[in-house]
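Participant: Take this structure first; my questions come after.
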Number of protein chains: 2
Amino acid sequence: MDIREALYTTRAMRRVKPDPIPEEVQARILDAAIRAPSGGNTQSWRFMLVDDPDERTALGALYSECIDTLWGTFYKDRLDAVAADPDSEDSMQMQRIKNSVDWAQKNFATYPLLLFAFDRNDASGGSIFPAVWSAMLAARAEGVGSSLTSVLALKETEVHTVLGVPADKGWHMACCVPMGYPTGRWGVAKRRPVHEVSYRNKWGQPVGFEIPEPLWP
Amino acid sequence: MDIREALYTTRAMRRVKPDPIPEEVQARILDAAIRAPSGGNTQSWRFMLVDDPDERTALGALYSECIDTLWGTFYKDRLDAVAADPDSEDSMQMQRIKNSVDWAQKNFATYPLLLFAFDRNDASGGSIFPAVWSAMLAARAEGVGSSLTSVLALKETEVHTVLGVPADKGWHMACCVPMGYPTGRWGVAKRRPVHEVSYRNKWGQPVGFEIPEPLWP
């Protein structure tokens, strides 16, 4: 698969089938992930694949609690905005995200594979998320869908207990990436265009070009 | 370029030529970056391209101070280990990194393009570093080398002043990615293999496969 196709079409794929991901595919995903750079090439990372049914059930219960918290706090304003004006473009987009997350909340235990990433001494996240995103791009090339969630951090202690993470040695969960073969189609996600979120030399100064439509395909 | 080639060969490229990067290449890099996912698709990000010579000189001075601090603090133990046993494999690797960073320290102002990324409300970094890494992979496909550094965070206030970042509105620099056409060759970076840094279902439990050599090419 061409790099540009992967970069443009690796969107959050939360609705996936329970079909297992073959071990050789898992191996290719992780082997691509560890090629990513990390600060000083310290590779202060650990990865964990979770496919044990009991663990997935336990993690699913924690995920569900975290999501309920998320809707009631960080995303409360956005959900209130949806209720007030359900037909606006922003509301419809938020509703699509919520429907997809609702699906994940109900079906978390059916994800055939969860990839957890852990780091330490990485305050910015800049030494773990390139590797995580490489795993997701490598998965895309294998036809495996994924989504990245940090929401389990709201129950970090409980997650660390389930997975046996030695938090006393400084390790902590950076994120969880549920994976599986998608039920939906791949496509280019809608985004605010580059010229609305980019500057040149000074904050607020035009970047110098406009890109009204995606440059791929 | 195939996605796997990009994932395996996008290593830190600090030594680059001063030749400018054409605007259409810059546009393709940023347009790929903004396709990355972010929490709740909030896209709470801004990007800035810096090519102004005076700014690059000012940022180069700040970078140099930050690197000096880094060697004297976070990496002091590793440099002491290099001095004590310069011929070990770890020492030689560290010395290679240091030589490369020394080059960047001396030549920072000659990077033809600096890409800065900013975020807010993103405690983990999980909503900005996928986009940054996509930019670096897209650059790789264009033959443009890059490296990711968060070290300027040690002089965050000064950097924000140079770039006009409205820190009072919650925005802050996530990282800086110097870019340019490399003087060296692309290659697969050496890493600890997957089975040494990955587990299955419980911390410390074997992941289930061994990958002694990179699975690409």
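If you're wondering about the labels, chains in the structure tokens are A, B, ... by order shown, residues count from 1 in each chain, ligands from 1 in order shown.
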At most 9 Å is the cut-off: for each residue in segment 65-143 of chain A with any atom that close to an atom of segment 24-33 of chain A, write down the nearest atom pair and the distance in Å rounded to one decimal, counting only C-alpha atoms, chain first then increasing number, as a Markdown table.

Facilitator:
```
| residue | atom | partner | partner_atom | distance |
| --- | --- | --- | --- | --- |
| A:Pro130 | CA | A:Ala33 | CA | 8.0 |
| A:Ala131 | CA | A:Ala33 | CA | 4.6 |
| A:Val132 | CA | A:Ala33 | CA | 6.3 |
| A:Trp133 | CA | A:Ala33 | CA | 7.6 |
| A:Ser134 | CA | A:Ala33 | CA | 5.0 |
| A:Ala135 | CA | A:Ala33 | CA | 4.7 |
| A:Met136 | CA | A:Ile29 | CA | 7.7 |
| A:Leu137 | CA | A:Ile29 | CA | 8.4 |
| A:Ala138 | CA | A:Ile29 | CA | 5.3 |
| A:Ala139 | CA | A:Ile29 | CA | 5.8 |
| A:Glu142 | CA | A:Val25 | CA | 7.1 |
```

Participant: With a distance cut-off of 8 Å and only C-alpha atoms, select the neighbouring residues of segment 206-212 of chain A, excluding the residue or stretch itself and same-chain residues fewer than 4 positions from it, and output the selection as a list in words.

Facilitator: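 Once the nearby chain positions are removed, what remains is Pro193, Val194, His195, Ser198, Tyr199 and Arg200 of chain A; Ala27, Asp31, Met48 and Leu49 of chain B.
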
Participant: Which residues are close to Pro217 of chain A, i.e. within 9 Å by only C-alpha atoms, leaving aside same-chain residues fewer than 2 positions away? Reply as number ranges by chain.

Facilitator: A: 4-5, 8, 214-215

Participant: Using atom CA of Asp90 of chain A and atom CA of Lys190 of chain A as the two end points, give the distance in Å to one decimal.

Facilitator: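 Separation of atom CA of Asp90 of chain A and atom CA of Lys190 of chain A: 11.6 Å.
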
Participant: Go through segment 17-72 of chain A and collect every residue that DSSP, computed from the backbone, puts in strand (DSSP E); the answer should be as a VMD selection string.

Facilitator: chain A and resid 45 to 50

Participant: Please identify the alpha helix (DSSP H) residues within segment 7-47 of chain B (assignment by DSSP from backbone atoms) and present them as a VMD selection string.

Facilitator: chain B and resid 7 to 9 23 to 33

Participant: What's around segment 96-107 of chain B at 8 Å? Count only C-alpha atoms, leave out sequence neighbours fewer than 5 positions away in its own chain, and write the answer as a PDB file with C-alpha atoms, in the first residue's frame.

Facilitator:
```
ATOM      1  CA  GLY A  40      17.692   9.783  22.417  1.00  0.00           C
TER       2      GLY A  40
ATOM      3  CA  ARG B  14      19.586  15.652  11.490  1.00  0.00           C
ATOM      4  CA  ARG B  15      22.257  16.360   8.871  1.00  0.00           C
ATOM      5  CA  GLY B  60      19.071  27.989  17.027  1.00  0.00           C
ATOM      6  CA  TYR B  63      18.139  25.064  20.880  1.00  0.00           C
ATOM      7  CA  SER B  64      21.850  25.180  21.656  1.00  0.00           C
ATOM      8  CA  ILE B  67      20.964  20.804  24.305  1.00  0.00           C
TER       9      ILE B  67
END
```

Participant: Out of A:Glu55, A:Asp168, A:Asp87, A:Asp19, which residue has the shortest atom-to-atom distance to chain B when counting only C-alpha atoms?

Facilitator: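 Among A:Glu55, A:Asp168, A:Asp87, A:Asp19, it is A:Glu55 that comes nearest to chain B.
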
Participant: When distances are computed from only C-alpha atoms, which of B:Thr10, B:Pro166, B:His160, B:Val16 shows the smallest separation from Ala189 of chain B?

Facilitator: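 Of the candidates, the smallest distance to Ala189 of chain B is held by B:Thr10.
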
Participant: Applying 8 Å and only C-alpha atoms, which residues near Pro112 of chain B remain after dropping the ones on its own chain fewer than 4 positions away? List them as a list in words.

Facilitator: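 My list of contacting residues is Lys17, Pro18, Asp19, Pro20, Ile21, Asp51, Met179 and Gly180 of chain B.
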
Participant: Taking 3 positions as the minimum chain separation for residues in the same chain, which residues sit within 7 Å of Pro178 of chain A when counting only C-alpha atoms? Answer as a count of residues only.

Facilitator: 6

Participant: Pick the closest to chain A from B:Thr157, B:Thr69, B:Ser91, B:Ser44: which is it, counting only C-alpha atoms?

Facilitator: B:Ser44

Participant: Using only C-alpha atoms, which protein or nucleic acid residues come within 6 Å of Met1 of chain A? Drop anything in the same chain fewer than 5 positions from it, and give the result as an mmCIF file with N, CA and C atoms, in the first residue's frame.

Facilitator:
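out37.cif, freshly written:
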```cif
data_model
loop_
_atom_site.group_PDB
_atom_site.id
_atom_site.type_symbol
_atom_site.label_atom_id
_atom_site.label_comp_id
_atom_site.auth_asym_id
_atom_site.auth_seq_id
_atom_site.Cartn_x
_atom_site.Cartn_y
_atom_site.Cartn_z
ATOM 1 N N ALA A 141 -2.402 -1.229 6.538
ATOM 2 C CA ALA A 141 -1.858 -1.887 5.342
ATOM 3 C C ALA A 141 -2.229 -3.370 5.310
ATOM 4 N N ASP B 2 6.021 2.591 -0.728
ATOM 5 C CA ASP B 2 5.247 1.641 0.053
ATOM 6 C C ASP B 2 5.252 2.039 1.531
ATOM 7 N N ILE B 3 4.109 1.830 2.169
ATOM 8 C CA ILE B 3 3.960 2.203 3.578
ATOM 9 C C ILE B 3 5.030 1.542 4.453
#
```

Participant: Hey, which of A:Leu148, A:Val177, A:Val50, A:Met13 ends up closest to chain B? Count only C-alpha atoms.

Facilitator: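 Smallest separation from chain B among the options: A:Val50.
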
Participant: I need the residue nearest Asp68 of chain B from this list: B:Ala109, B:Met92, B:Ala6, B:Leu154. Use only C-alpha atoms for the distance.

Facilitator: B:Leu154
